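Participant: For reference, this is coords.tsv, and it has TSV, C-alpha atoms and all ligand atoms.
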```tsv
chain	number	residue	atom	x	y	z
Q	81	MET	CA	28.45	20.99	26.46
Q	82	ALA	CA	27.88	18.40	23.73
Q	83	THR	CA	26.91	19.21	20.18
Q	84	LYS	CA	24.14	16.98	18.89
Q	85	GLN	CA	22.72	16.50	15.45
Q	86	GLN	CA	19.16	16.82	14.29
Q	87	VAL	CA	18.54	15.22	10.91
Q	88	LEU	CA	15.83	16.08	8.43
Q	89	VAL	CA	15.38	14.03	5.27
Q	90	LEU	CA	13.23	15.51	2.55
Q	91	TYR	CA	12.09	13.76	-0.61
Q	92	LEU	CA	11.28	16.29	-3.30
Q	93	SER	CA	9.29	15.99	-6.50
Q	94	SER	CA	12.38	16.72	-8.64
Q	95	SER	CA	16.12	17.30	-8.29
Q	96	ALA	CA	15.55	21.02	-7.66
Q	97	LEU	CA	15.76	22.22	-4.08
Q	98	ASP	CA	12.78	24.48	-4.62
Q	99	ALA	CA	10.58	21.51	-5.62
Q	100	ASN	CA	7.72	20.27	-3.45
Q	101	VAL	CA	8.19	17.92	-0.51
Q	102	ILE	CA	6.54	14.53	-1.14
Q	103	ALA	CA	7.95	12.55	1.79
Q	104	TRP	CA	9.98	13.31	4.90
Q	105	ALA	CA	11.67	11.89	7.96
Q	106	ARG	CA	13.15	13.40	11.11
Q	107	TYR	CA	15.63	12.06	13.64
Q	108	ASP	CA	16.47	14.10	16.73
Q	109	GLY	CA	19.82	13.36	18.34
Q	110	THR	CA	18.94	15.49	21.38
Q	111	GLY	CA	16.18	13.02	22.21
Q	112	LYS	CA	13.73	15.88	22.78
Q	113	ASP	CA	11.47	14.81	19.96
Q	114	ASP	CA	10.68	11.24	19.08
Q	115	HIS	CA	9.72	10.92	15.45
Q	116	MET	CA	8.40	7.71	13.93
Q	117	SER	CA	6.70	6.35	10.84
Q	118	GLY	CA	3.25	7.73	10.13
Q	119	ASP	CA	3.42	10.48	12.77
Q	120	SER	CA	2.48	13.38	10.48
Q	121	ASP	CA	0.41	13.71	7.34
Q	122	GLU	CA	1.60	17.20	6.36
Q	123	PRO	CA	5.28	18.09	5.93
Q	124	LEU	CA	6.96	20.76	8.07
Q	125	TYR	CA	8.19	22.52	4.92
Q	126	ARG	CA	6.65	22.71	1.48
Q	127	SER	CA	10.03	22.70	-0.31
Q	128	GLY	CA	13.73	22.17	0.28
Q	129	MET	CA	14.21	25.94	0.10
Q	130	GLU	CA	11.90	26.45	3.07
Q	131	ALA	CA	14.07	24.09	5.11
Q	132	LEU	CA	17.19	26.08	4.16
Q	133	ALA	CA	15.46	29.31	5.12
Q	134	ASP	CA	14.68	27.79	8.51
Q	135	GLY	CA	18.36	27.11	9.22
Q	136	TRP	CA	18.72	23.50	8.07
Q	137	ARG	CA	22.14	22.82	6.47
Q	138	LEU	CA	22.11	20.61	3.39
Q	139	ILE	CA	24.66	17.81	3.85
Q	140	GLN	CA	23.78	15.35	1.09
Q	141	ALA	CA	21.69	15.16	-2.06
Q	142	SER	CA	21.04	12.08	-4.19
Q	143	PRO	CA	22.92	12.14	-7.52
Q	144	LEU	CA	21.22	11.84	-10.90
Q	145	ALA	CA	22.10	8.43	-12.29
Q	146	ALA	CA	21.85	7.26	-15.89
Q	147	HIS	CA	18.97	4.89	-16.62
Q	148	ALA	CA	20.13	1.32	-17.11
Q	149	PRO	CA	19.16	0.01	-20.57
Q	150	GLY	CA	16.02	-2.12	-20.34
Q	151	ASP	CA	15.22	-0.73	-16.92
Q	152	GLU	CA	14.15	2.78	-17.85
Q	153	PHE	CA	10.55	2.44	-16.74
Q	154	ARG	CA	11.03	0.55	-13.52
Q	155	THR	CA	10.14	2.60	-10.45
Q	156	GLY	CA	11.38	1.82	-6.98
Q	157	TYR	CA	12.88	4.05	-4.32
Q	158	LEU	CA	12.14	7.76	-4.16
Q	159	LYS	CA	14.66	9.54	-6.36
Q	160	TYR	CA	15.23	12.97	-4.89
Q	161	GLU	CA	16.52	12.57	-1.36
Q	162	PHE	CA	18.03	15.50	0.54
Q	163	PHE	CA	19.66	15.20	3.96
Q	164	PHE	CA	19.77	18.27	6.19
Q	165	GLU	CA	21.18	18.80	9.65
Q	166	LYS	CA	21.03	21.22	12.50
Q	167	LEU	CA	23.71	21.17	15.16
Q	168	ILE	CA	22.30	21.75	18.62
Q	169	ASN	CA	24.31	22.69	21.70
Q	170	ASP	CA	22.80	20.32	24.20
Q	171	GLU	CA	23.48	21.41	27.77
O	78	MET	CA	-17.34	-23.62	-7.44
O	79	MET	CA	-18.73	-22.13	-4.30
O	80	SER	CA	-21.56	-19.73	-3.54
O	81	ASP	CA	-22.87	-16.83	-5.63
O	82	CYS	CA	-20.44	-14.15	-6.46
O	83	VAL	CA	-20.76	-10.50	-7.42
O	84	LYS	CA	-17.76	-9.68	-9.56
O	85	LEU	CA	-15.99	-6.34	-9.83
O	86	ASN	CA	-16.74	-4.11	-12.80
O	87	SER	CA	-14.15	-2.58	-15.12
O	88	ARG	CA	-14.06	0.79	-13.28
O	89	GLU	CA	-13.32	-0.96	-10.00
O	90	MET	CA	-10.63	-3.04	-11.67
O	91	ALA	CA	-9.04	0.07	-13.21
O	92	GLU	CA	-9.11	1.72	-9.79
O	93	PHE	CA	-7.34	-1.33	-8.40
O	94	ALA	CA	-4.79	-1.16	-11.22
O	95	ALA	CA	-4.10	2.49	-10.42
O	96	GLU	CA	-4.24	2.54	-6.62
O	97	GLY	CA	-3.43	-1.07	-5.77
O	98	LEU	CA	-6.40	-1.55	-3.50
O	99	LEU	CA	-10.16	-1.68	-3.11
O	100	ARG	CA	-11.83	-0.90	0.16
O	101	PHE	CA	-15.14	-2.31	1.39
O	102	ASP	CA	-16.15	-0.56	4.59
O	103	GLY	CA	-18.34	-2.57	6.97
O	104	ILE	CA	-19.08	-5.23	4.39
O	105	VAL	CA	-18.79	-8.21	6.75
O	106	PRO	CA	-21.96	-8.74	8.85
O	107	ASP	CA	-21.54	-8.34	12.58
O	108	VAL	CA	-22.48	-11.93	13.36
O	109	ILE	CA	-19.41	-13.05	11.39
O	110	ASN	CA	-17.23	-10.40	13.08
O	111	GLN	CA	-18.32	-11.58	16.53
O	112	GLN	CA	-17.79	-15.20	15.60
O	113	PHE	CA	-14.33	-14.36	14.26
O	114	LEU	CA	-13.30	-12.57	17.46
O	115	ALA	CA	-14.53	-15.50	19.55
O	116	GLU	CA	-12.65	-17.99	17.35
O	117	ALA	CA	-9.48	-15.89	17.33
O	118	GLY	CA	-9.35	-15.84	21.13
O	119	SER	CA	-8.23	-13.05	23.39
O	120	VAL	CA	-4.75	-11.99	24.29
O	121	ASP	CA	-3.76	-12.31	27.95
O	122	THR	CA	-3.83	-9.17	30.10
O	123	PRO	CA	-0.72	-7.37	31.39
O	124	ASN	CA	0.79	-9.08	34.39
O	125	GLY	CA	3.90	-7.02	34.99
O	126	GLU	CA	6.28	-9.41	33.26
O	127	LYS	CA	9.22	-7.50	31.80
O	128	GLY	CA	11.09	-7.99	28.57
O	129	SER	CA	10.78	-7.44	24.85
O	130	ASN	CA	9.91	-11.08	24.08
O	131	ARG	CA	6.75	-10.71	26.10
O	132	THR	CA	4.51	-9.60	23.22
O	133	ILE	CA	5.83	-12.45	21.10
O	134	LYS	CA	5.02	-14.89	23.91
O	135	SER	CA	1.50	-13.47	24.22
O	136	LEU	CA	0.92	-13.88	20.51
O	137	GLY	CA	2.37	-17.41	20.55
O	138	ASN	CA	-0.02	-18.27	23.35
O	139	LEU	CA	-2.95	-16.80	21.49
O	140	MET	CA	-2.15	-18.74	18.30
O	141	ALA	CA	-1.72	-22.00	20.23
O	142	HIS	CA	-5.13	-21.65	21.87
O	143	SER	CA	-6.98	-20.03	18.97
O	144	SER	CA	-9.69	-21.83	17.01
O	145	LEU	CA	-8.43	-20.23	13.79
O	146	PRO	CA	-6.91	-22.93	11.58
O	147	GLU	CA	-3.36	-23.36	10.34
O	148	VAL	CA	-3.16	-23.44	6.54
O	149	THR	CA	-0.46	-25.06	4.42
O	150	PRO	CA	0.80	-22.70	1.69
O	151	GLY	CA	-0.79	-23.49	-1.67
O	152	THR	CA	-4.08	-24.75	-0.24
O	153	VAL	CA	-6.93	-23.92	-2.62
O	154	LEU	CA	-9.06	-21.22	-1.00
O	155	ASN	CA	-12.29	-23.20	-1.49
O	156	THR	CA	-10.97	-25.90	0.82
O	157	ALA	CA	-8.99	-23.78	3.29
O	158	TYR	CA	-11.78	-22.62	5.60
O	159	LYS	CA	-14.72	-24.75	6.76
O	160	GLU	CA	-18.05	-23.23	5.78
O	161	THR	CA	-19.29	-23.04	9.36
O	162	THR	CA	-16.34	-20.95	10.59
O	163	ALA	CA	-16.20	-17.15	10.52
O	164	LEU	CA	-13.45	-17.14	7.87
O	165	GLY	CA	-15.34	-19.76	5.86
O	166	GLU	CA	-18.42	-17.58	5.83
O	167	LEU	CA	-16.41	-14.43	5.14
O	168	VAL	CA	-14.72	-15.74	1.99
O	169	ARG	CA	-18.10	-17.05	0.77
O	170	LEU	CA	-19.90	-13.69	1.02
O	171	PRO	CA	-20.97	-12.97	-2.59
O	172	VAL	CA	-19.21	-9.59	-2.79
O	173	VAL	CA	-16.02	-10.89	-1.17
O	174	ARG	CA	-16.02	-14.03	-3.29
O	175	GLY	CA	-16.64	-11.93	-6.40
O	176	ALA	CA	-13.82	-9.50	-5.65
O	177	ILE	CA	-11.39	-12.34	-4.94
O	178	GLU	CA	-12.35	-14.19	-8.14
O	179	SER	CA	-12.09	-10.97	-10.18
O	180	LEU	CA	-8.51	-10.43	-9.00
O	181	VAL	CA	-6.96	-13.87	-8.53
O	182	GLY	CA	-9.44	-16.23	-10.16
O	183	PRO	CA	-11.84	-18.97	-8.98
O	184	GLU	CA	-9.12	-21.38	-7.78
O	185	SER	CA	-6.81	-19.05	-5.89
O	186	MET	CA	-4.49	-20.49	-3.26
O	187	VAL	CA	-3.91	-19.42	0.29
O	188	ASP	CA	-0.28	-18.34	0.69
O	189	HIS	CA	-0.58	-17.71	4.42
O	190	HIS	CA	-2.71	-15.88	6.90
O	191	PHE	CA	-1.85	-14.12	10.11
O	192	LEU	CA	-3.49	-12.39	13.04
O	193	HIS	CA	-1.92	-8.95	13.46
O	194	LEU	CA	-2.32	-7.55	16.94
O	195	ALA	CA	-1.68	-3.98	17.99
O	196	LEU	CA	-1.38	-4.24	21.74
O	197	PRO	CA	-2.49	-1.37	23.98
O	198	SER	CA	-0.04	1.07	25.60
O	199	SER	CA	-0.46	-0.64	28.98
O	200	TYR	CA	1.27	-3.71	27.54
O	201	TYR	CA	4.37	-1.78	26.56
O	202	LYS	CA	4.47	0.07	29.88
O	203	ALA	CA	4.31	-3.22	31.80
O	204	ALA	CA	7.04	-4.71	29.61
O	205	GLY	CA	9.21	-1.60	29.81
O	206	ILE	CA	9.64	-1.35	26.05
O	207	PRO	CA	8.92	1.67	23.85
O	208	GLN	CA	5.73	1.55	21.79
O	209	ARG	CA	6.67	2.38	18.20
O	210	THR	CA	4.85	2.35	14.89
O	211	GLN	CA	5.91	-0.23	12.34
O	212	HIS	CA	8.25	1.02	9.62
O	213	THR	CA	6.74	1.38	6.18
O	214	HIS	CA	7.46	-1.72	4.11
O	215	GLN	CA	6.33	-3.90	1.24
O	216	ASP	CA	5.46	-7.46	2.33
O	217	SER	CA	7.47	-10.57	1.42
O	218	THR	CA	10.53	-9.67	-0.67
O	219	ILE	CA	11.52	-8.12	-4.03
O	220	ASP	CA	8.80	-9.22	-6.43
O	221	PRO	CA	9.20	-8.14	-10.07
O	222	ARG	CA	6.33	-10.29	-11.42
O	223	ARG	CA	3.51	-8.98	-13.57
O	224	ALA	CA	1.14	-11.50	-11.96
O	225	PHE	CA	0.17	-10.44	-8.49
O	226	ASP	CA	-1.05	-11.76	-5.18
O	227	ILE	CA	-3.74	-10.03	-3.16
O	228	GLN	CA	-3.90	-9.52	0.56
O	229	LEU	CA	-7.22	-9.29	2.37
O	230	PHE	CA	-6.94	-6.97	5.34
O	231	TYR	CA	-9.90	-7.81	7.59
O	232	PHE	CA	-10.83	-5.49	10.47
O	233	PRO	CA	-13.30	-7.46	12.61
O	234	HIS	CA	-14.06	-4.61	15.00
O	235	LYS	CA	-14.43	-0.84	14.71
O	236	VAL	CA	-11.09	0.95	14.39
O	237	GLY	CA	-10.93	4.49	15.77
O	238	LEU	CA	-8.23	7.09	15.07
O	239	ASP	CA	-6.39	6.30	18.32
O	240	MET	CA	-6.15	2.56	17.56
O	241	GLY	CA	-3.32	2.89	15.04
O	242	GLY	CA	-5.08	1.22	12.13
O	243	THR	CA	-2.86	0.12	9.24
O	244	ARG	CA	-1.14	2.96	7.39
O	245	TYR	CA	-0.90	2.52	3.62
O	246	VAL	CA	0.15	4.53	0.60
O	247	PRO	CA	-2.20	4.18	-2.40
O	248	GLY	CA	-0.51	3.76	-5.76
O	249	THR	CA	2.82	2.37	-4.49
O	250	HIS	CA	2.13	-1.23	-5.56
O	251	LEU	CA	4.00	-1.13	-8.87
O	252	ARG	CA	7.26	0.07	-7.30
O	253	ILE	CA	9.90	-2.64	-7.06
O	254	VAL	CA	11.55	-2.25	-3.67
O	255	SER	CA	13.03	-4.64	-1.13
O	256	GLU	CA	10.70	-5.04	1.85
O	257	SER	CA	11.75	-2.68	4.67
O	258	ALA	CA	14.45	-0.93	2.62
O	259	ILE	CA	11.91	1.92	2.48
O	260	ALA	CA	11.78	2.24	6.29
O	261	ARG	CA	13.39	5.69	6.12
O	262	TYR	CA	10.29	7.11	4.43
O	263	GLN	CA	8.61	8.01	7.72
O	264	ASN	CA	5.80	9.97	6.15
O	265	ILE	CA	4.61	10.13	2.57
O	266	ARG	CA	2.10	12.58	1.15
O	267	GLY	CA	-1.18	10.80	0.51
O	268	GLN	CA	-0.64	8.13	3.18
O	269	GLN	CA	-3.85	6.80	4.70
O	270	HIS	CA	-4.54	5.48	8.19
O	271	VAL	CA	-7.31	2.91	8.51
O	272	VAL	CA	-10.24	4.23	10.53
O	273	CYS	CA	-13.24	2.02	9.82
O	274	PRO	CA	-16.43	0.37	11.02
O	275	ALA	CA	-16.40	-3.26	12.12
O	276	GLY	CA	-16.29	-5.74	9.27
O	277	THR	CA	-14.17	-3.66	6.91
O	278	LEU	CA	-12.19	-5.43	4.24
O	279	ILE	CA	-9.40	-3.93	2.14
O	280	LEU	CA	-8.11	-5.95	-0.78
O	281	MET	CA	-4.58	-4.93	-1.64
O	282	HIS	CA	-2.09	-5.77	-4.37
O	283	HIS	CA	0.91	-7.40	-2.66
O	284	GLY	CA	3.10	-4.40	-3.43
O	285	VAL	CA	1.26	-1.68	-1.53
O	286	TRP	CA	3.54	0.08	0.99
O	287	HIS	CA	2.13	-0.12	4.51
O	288	GLY	CA	2.86	-0.33	8.24
O	289	GLY	CA	1.04	-0.76	11.54
O	290	GLY	CA	0.29	2.14	13.84
O	291	ILE	CA	0.32	2.60	17.61
O	292	ASN	CA	-2.73	1.55	19.58
O	293	ARG	CA	-3.33	4.17	22.27
O	294	THR	CA	-6.55	2.64	23.63
O	295	GLY	CA	-6.91	0.12	26.44
O	296	GLU	CA	-7.96	-2.75	24.15
O	297	ALA	CA	-5.94	-4.85	21.70
O	298	ARG	CA	-6.60	-4.12	18.03
O	299	TYR	CA	-7.10	-7.12	15.73
O	300	MET	CA	-6.45	-7.32	12.01
O	301	PHE	CA	-6.46	-10.57	10.09
O	302	LYS	CA	-4.60	-10.80	6.82
O	303	ILE	CA	-4.96	-13.51	4.17
O	304	ARG	CA	-2.57	-13.62	1.21
O	305	LEU	CA	-3.93	-15.27	-1.93
O	306	ASN	CA	-2.00	-16.40	-5.02
O	307	PRO	CA	-3.53	-16.71	-8.50
O	308	SER	CA	-3.41	-20.09	-10.23
O	309	ILE	CA	-4.35	-18.83	-13.70
O	310	PRO	CA	-3.43	-15.71	-15.73
O	311	GLN	CA	-5.33	-12.74	-14.29
O	312	VAL	CA	-6.91	-11.87	-17.61
O	313	ARG	CA	-10.52	-10.62	-17.77
O	314	LEU	CA	-11.59	-12.43	-14.62
O	315	TRP	CA	-13.98	-9.62	-13.63
O	316	ASP	CA	-17.38	-8.66	-15.07
O	317	THR	CA	-16.28	-6.98	-18.30
O	318	SER	CA	-19.81	-6.25	-19.55
O	319	ASP	CA	-19.33	-2.50	-18.95
O	320	LEU	CA	-16.34	-2.27	-21.29
O	321	SER	CA	-17.22	-0.29	-24.41
O	322	ALA	CA	-15.35	0.84	-27.51
O	323	ARG	CA	-14.76	4.13	-25.73
O	324	ASP	CA	-12.57	2.33	-23.20
O	325	PHE	CA	-10.11	1.46	-25.97
O	326	GLU	CA	-10.09	4.70	-27.99
O	327	GLN	CA	-7.51	7.46	-27.73
O	328	ARG	CA	-8.70	10.84	-26.44
O	329	PRO	CA	-7.29	14.25	-27.41
O	330	ILE	CA	-4.44	15.05	-25.01
O	331	PHE	CA	-3.15	18.29	-23.46
O	332	PHE	CA	-5.08	20.68	-25.78
O	333	ARG	CA	-8.64	19.62	-25.02
O	334	LYS	CA	-11.87	21.54	-25.53
O	335	GLU	CA	-13.82	19.58	-22.96
O	336	ALA	CA	-12.98	18.06	-19.63
O	337	THR	CA	-12.39	14.32	-19.77
O	338	ASN	CA	-14.83	11.88	-18.21
O	339	PRO	CA	-13.42	10.87	-14.81
O	340	ASN	CA	-14.92	7.39	-15.27
O	341	ASP	CA	-13.02	6.63	-18.47
O	342	ILE	CA	-10.55	3.79	-17.93
O	343	ALA	CA	-7.88	6.19	-19.23
O	344	SER	CA	-8.85	8.77	-16.58
O	345	LEU	CA	-8.69	6.21	-13.81
O	346	LEU	CA	-5.27	5.01	-14.96
O	347	THR	CA	-3.81	8.53	-15.15
O	348	ARG	CA	-5.03	9.88	-11.81
O	349	PRO	CA	-1.92	11.08	-9.93
O	350	GLN	CA	-1.08	10.49	-6.28
O	351	PRO	CA	0.06	13.34	-3.99
O	352	TRP	CA	3.47	11.65	-3.58
O	353	PHE	CA	4.24	11.38	-7.30
O	354	GLU	CA	7.54	12.82	-8.46
O	355	GLY	CA	7.27	14.99	-11.56
O	356	ASP	CA	9.09	12.64	-13.90
O	357	THR	CA	8.41	9.22	-12.38
O	358	GLY	CA	4.71	10.04	-11.99
O	359	ARG	CA	4.63	9.57	-15.76
O	360	LEU	CA	6.41	6.25	-15.40
O	361	GLU	CA	3.67	5.27	-12.97
O	362	TYR	CA	1.09	5.92	-15.71
O	363	ILE	CA	3.13	3.80	-18.10
O	364	ASN	CA	3.39	0.97	-15.58
O	365	ARG	CA	-0.33	1.14	-14.84
O	366	ILE	CA	-1.09	1.00	-18.58
O	367	ARG	CA	1.15	-2.06	-18.93
O	368	PHE	CA	-0.57	-3.62	-15.91
O	369	TRP	CA	-3.98	-2.95	-17.51
O	370	ARG	CA	-2.72	-4.53	-20.74
O	371	TYR	CA	-2.01	-7.70	-18.75
O	372	LEU	CA	-5.43	-7.64	-17.07
O	373	LEU	CA	-7.17	-6.96	-20.36
O	374	GLY	CA	-5.08	-9.42	-22.39
O	375	ASP	CA	-4.58	-6.65	-24.93
O	376	GLU	CA	-1.05	-5.50	-25.73
O	377	ASN	CA	-2.39	-2.59	-27.80
O	378	PHE	CA	-4.26	-0.81	-25.06
O	379	ASP	CA	-3.05	2.68	-24.23
O	380	ALA	CA	-4.23	5.63	-22.18
O	381	ASP	CA	-3.53	9.13	-23.45
O	382	TYR	CA	-0.77	7.92	-25.79
O	383	TRP	CA	1.84	7.43	-23.04
O	384	VAL	CA	3.03	4.03	-24.26
O	385	THR	CA	2.21	4.28	-27.97
O	386	ARG	CA	4.56	7.28	-28.31
O	387	ILE	CA	7.57	5.47	-26.89
O	388	GLU	CA	6.80	2.26	-28.80
O	389	ASN	CA	6.75	4.06	-32.14
O	390	GLU	CA	9.82	2.84	-34.04
O	391	PRO	CA	9.03	3.31	-37.76
O	392	SER	CA	10.96	0.88	-39.87
O	393	VAL	CA	11.45	0.38	-43.58
O	394	THR	CA	9.94	-2.91	-44.71
O	395	VAL	CA	11.92	-4.66	-47.42
B	401	FE	FE	3.24	-6.00	6.29
```
Could you render the structure from this file as structure tokens?

Facilitator:
Amino acid sequence: MATKQQVLVLYLSSSALDANVIAWARYDGTGKDDHMSGDSDEPLYRSGMEALADGWRLIQASPLAAHAPGDEFRTGYLKYEFFFEKLINDE
Amino acid sequence: MMSDCVKLNSREMAEFAAEGLLRFDGIVPDVINQQFLAEAGSVDTPNGEKGSNRTIKSLGNLMAHSSLPEVTPGTVLNTAYKETTALGELVRLPVVRGAIESLVGPESMVDHHFLHLALPSSYYKAAGIPQRTQHTHQDSTIDPRRAFDIQLFYFPHKVGLDMGGTRYVPGTHLRIVSESAIARYQNIRGQQHVVCPAGTLILMHHGVWHGGGINRTGEARYMFKIRLNPSIPQVRLWDTSDLSARDFEQRPIFFRKEATNPNDIASLLTRPQPWFEGDTGRLEYINRIRFWRYLLGDENFDADYWVTRIENEPSVTV
């Protein structure tokens, strides 16, 4: 019996876990579901808290970094990235 | 100068500044669409050949036999496409010409063009390779300029939901990212999928995040993209006759007795996107205001005081 990982990445509207989901990605190590870019227009969960309540374990959150002088207004990558996992016993 | 042109107005330009794109559904007449498809040529049908280089070979074949021209980067648009060809007629349509001139000026240059094909599922089955959507990306590479290129996305035939029309995220154009570094963002609130009538044209700022979808029909999907560079500052190139004093005045903010006019330039520049983060959504407004300052050639312009407040550094004059 192998344990496999399902990964959920949520991008929230602020650093708070109970903030709204604005972007998301899923990767399924069991191979049961094949997720890809543009495959859903509505997120599975409205907030990070809803993912926790559904059994997803938080394994990483993006830190809050100081704003580099002169670069305070530049926008780029989404700021509030949260990685979750579920471990699945794959028989 | 070429044919007549119908330029964009200030509202359309402000919408472009905020969302990074303008969409013209079905604007290209069908005779041009048919001519384009004939000139482009058709892709060969599945023949059971295996291997992942098969689609690349098919496309190579198509380009070699296509009547669409090659263009050297930097060629002035006016000279790039012969008037009698589909692309020559397309770029000379008054509304298309006007939109191009409003955004990148009368002497813009062709950077490159390309025929993007979304091959049907049967192709992938025959080749034994998985059919996947394209990761979300920004074209070219990191581009921190204030000047901007535009990309014409031309859909010569009708695109239905199952054809995997280009996916794009309005309002992402001012974000400085590195091409496919954003691939992990599988889905973003507010993303759009092109479903359109034949002859649809979308003019996008070079920075708009996008990706191709999966074509689940039996026919190849065609999309032709032309990237244009400006050759002059992109200042007041559109029809500015609708600009009034009201478009430069501050409006009461937060505590307001009346709803604001949605057609004010300030309203258009401060319309949020569903994917905005709480804090950086405000930075988006600031960046749009700065972008509008460039377009307007007016470093004092502001919308709802966002930039004036942070530029206020009172000093003692000696
Ligand atoms: Fe692209």

Participant: Would you mind telling me which residue in O:Gln208, O:Thr156, O:Thr394, O:Gln269 lies nearest to Asp121 of chain Q when using all atoms listed in the file?

Facilitator: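 For Asp121 of chain Q, the nearest of the given residues is O:Gln269.
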
Participant: Nearest to chain Q: which of O:Glu335, O:Glu361, O:Glu160, O:Asp381 is it, counting only C-alpha atoms?

Facilitator: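 Of O:Glu335, O:Glu361, O:Glu160, O:Asp381, the one nearest chain Q, counting only C-alpha atoms, is O:Glu361.
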
Participant: Write out as JSON, numbers by chain each polymer residue (protein, DNA or RNA) that has an atom no more than 8 Å from ligand FE 401 (chain B), with all atoms listed in the file counted.

Facilitator: {"O": [214, 215, 216, 217, 287, 288, 289]}

Participant: May I ask you to extract the residues of chain O within 8 Å of chain Q, using only C-alpha atoms, and to give them as a ChimeraX atom specification?

Facilitator: /O:209-213,244,251-254,259-268,290,351-357,360-361,363-364

Participant: Would you write out those residues with C-alpha atoms, as an mmCIF file, in the frame of the given file?

Facilitator:
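Saved result, selection-v2.cif, follows:
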```
data_model
loop_
_atom_site.group_PDB
_atom_site.id
_atom_site.type_symbol
_atom_site.label_atom_id
_atom_site.label_comp_id
_atom_site.auth_asym_id
_atom_site.auth_seq_id
_atom_site.Cartn_x
_atom_site.Cartn_y
_atom_site.Cartn_z
ATOM 1 C CA ARG O 209 6.670 2.380 18.200
ATOM 2 C CA THR O 210 4.850 2.350 14.890
ATOM 3 C CA GLN O 211 5.910 -0.230 12.340
ATOM 4 C CA HIS O 212 8.250 1.020 9.620
ATOM 5 C CA THR O 213 6.740 1.380 6.180
ATOM 6 C CA ARG O 244 -1.140 2.960 7.390
ATOM 7 C CA LEU O 251 4.000 -1.130 -8.870
ATOM 8 C CA ARG O 252 7.260 0.070 -7.300
ATOM 9 C CA ILE O 253 9.900 -2.640 -7.060
ATOM 10 C CA VAL O 254 11.550 -2.250 -3.670
ATOM 11 C CA ILE O 259 11.910 1.920 2.480
ATOM 12 C CA ALA O 260 11.780 2.240 6.290
ATOM 13 C CA ARG O 261 13.390 5.690 6.120
ATOM 14 C CA TYR O 262 10.290 7.110 4.430
ATOM 15 C CA GLN O 263 8.610 8.010 7.720
ATOM 16 C CA ASN O 264 5.800 9.970 6.150
ATOM 17 C CA ILE O 265 4.610 10.130 2.570
ATOM 18 C CA ARG O 266 2.100 12.580 1.150
ATOM 19 C CA GLY O 267 -1.180 10.800 0.510
ATOM 20 C CA GLN O 268 -0.640 8.130 3.180
ATOM 21 C CA GLY O 290 0.290 2.140 13.840
ATOM 22 C CA PRO O 351 0.060 13.340 -3.990
ATOM 23 C CA TRP O 352 3.470 11.650 -3.580
ATOM 24 C CA PHE O 353 4.240 11.380 -7.300
ATOM 25 C CA GLU O 354 7.540 12.820 -8.460
ATOM 26 C CA GLY O 355 7.270 14.990 -11.560
ATOM 27 C CA ASP O 356 9.090 12.640 -13.900
ATOM 28 C CA THR O 357 8.410 9.220 -12.380
ATOM 29 C CA LEU O 360 6.410 6.250 -15.400
ATOM 30 C CA GLU O 361 3.670 5.270 -12.970
ATOM 31 C CA ILE O 363 3.130 3.800 -18.100
ATOM 32 C CA ASN O 364 3.390 0.970 -15.580
#
```

Participant: Quote the spacing between atom CA of Asp226 of chain O and atom CA of Val83 of chain O in Å to one decimal place.

Facilitator: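 Atom-to-atom, atom CA of Asp226 of chain O and atom CA of Val83 of chain O are spaced 19.9 Å apart.
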
Participant: Record the distance separating atom CA of Asn110 of chain O and atom CA of Ile291 of chain O, expressed in Å with one decimal.

Facilitator: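 Rounded to one decimal, the two atoms are 22.3 Å apart.
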
Participant: Any idea what the distance is between atom CA of Gln311 of chain O and atom CA of Leu180 of chain O?

Facilitator: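 Calculated distance between atom CA of Gln311 of chain O and atom CA of Leu180 of chain O is 6.6 Å.
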
Participant: I want to know what sits within 10 Å of segment 347-349 of chain O, based on all atoms listed in the file, with residues of the same chain fewer than 2 positions away left out; could you give that as a list in words?

Facilitator: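 What passes the distance filter is Glu92, Ala95, Glu96, Gly248, Pro339, Asp341, Ile342, Ala343, Ser344, Leu345, Pro351, Trp352, Phe353, Glu354, Gly358, Arg359, Glu361, Tyr362, Ile363, Arg365, Ile366, Ala380, Asp381 and Trp383 of chain O.
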
Participant: Rank O:Pro247, O:Gly97, O:Pro310, O:Gly151 by their smallest atom-to-atom distance to Ile227 of chain O, using only C-alpha atoms, and report the top residue only.

Facilitator: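 Between O:Pro247, O:Gly97, O:Pro310, O:Gly151, the residue approaching Ile227 of chain O most closely is O:Gly97.
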
Participant: Just checking: using all atoms listed in the file, which residue out of Q:Ser142, Q:Ser127, Q:Thr110, Q:Asn169 ends up closest to Gln86 of chain Q?

Facilitator: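 The shortest atom-to-atom distance to Gln86 of chain Q comes from Q:Thr110.
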
Participant: Lys84 of chain Q: which residues within 9 Å, counting all atoms listed in the file, same-chain residues fewer than 5 positions away excluded, as a list of chain:residue names?

Facilitator: Q:Asp108, Q:Gly109, Q:Thr110, Q:Lys166, Q:Leu167, Q:Ile168, Q:Asn169, Q:Asp170

Participant: Report the centre and edge lengths, in Å to one decimal, of an axis-aligned box enclosing every atom of segment 183-188 of chain O listed in the file, padded by 3 Å on each side, as JSON.

Facilitator:
```
{"center_x": -6.1, "center_y": -19.9, "center_z": -4.1, "size_x": 17.6, "size_y": 9.0, "size_z": 15.7}
```

Participant: Under the rule that all atoms listed in the file are counted, which of O:Thr161, O:Thr149, O:Thr277, O:Thr337 is the nearest residue to Glu116 of chain O?

Facilitator: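 Closest candidate: O:Thr161.
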
Participant: List the spatial neighbours of Arg100 of chain O as a ChimeraX atom specification - criterion: any atom at most 10 Å away, only C-alpha atoms, same-chain residues fewer than 4 positions off excluded.

Facilitator: /O:93,104,229-230,277-281
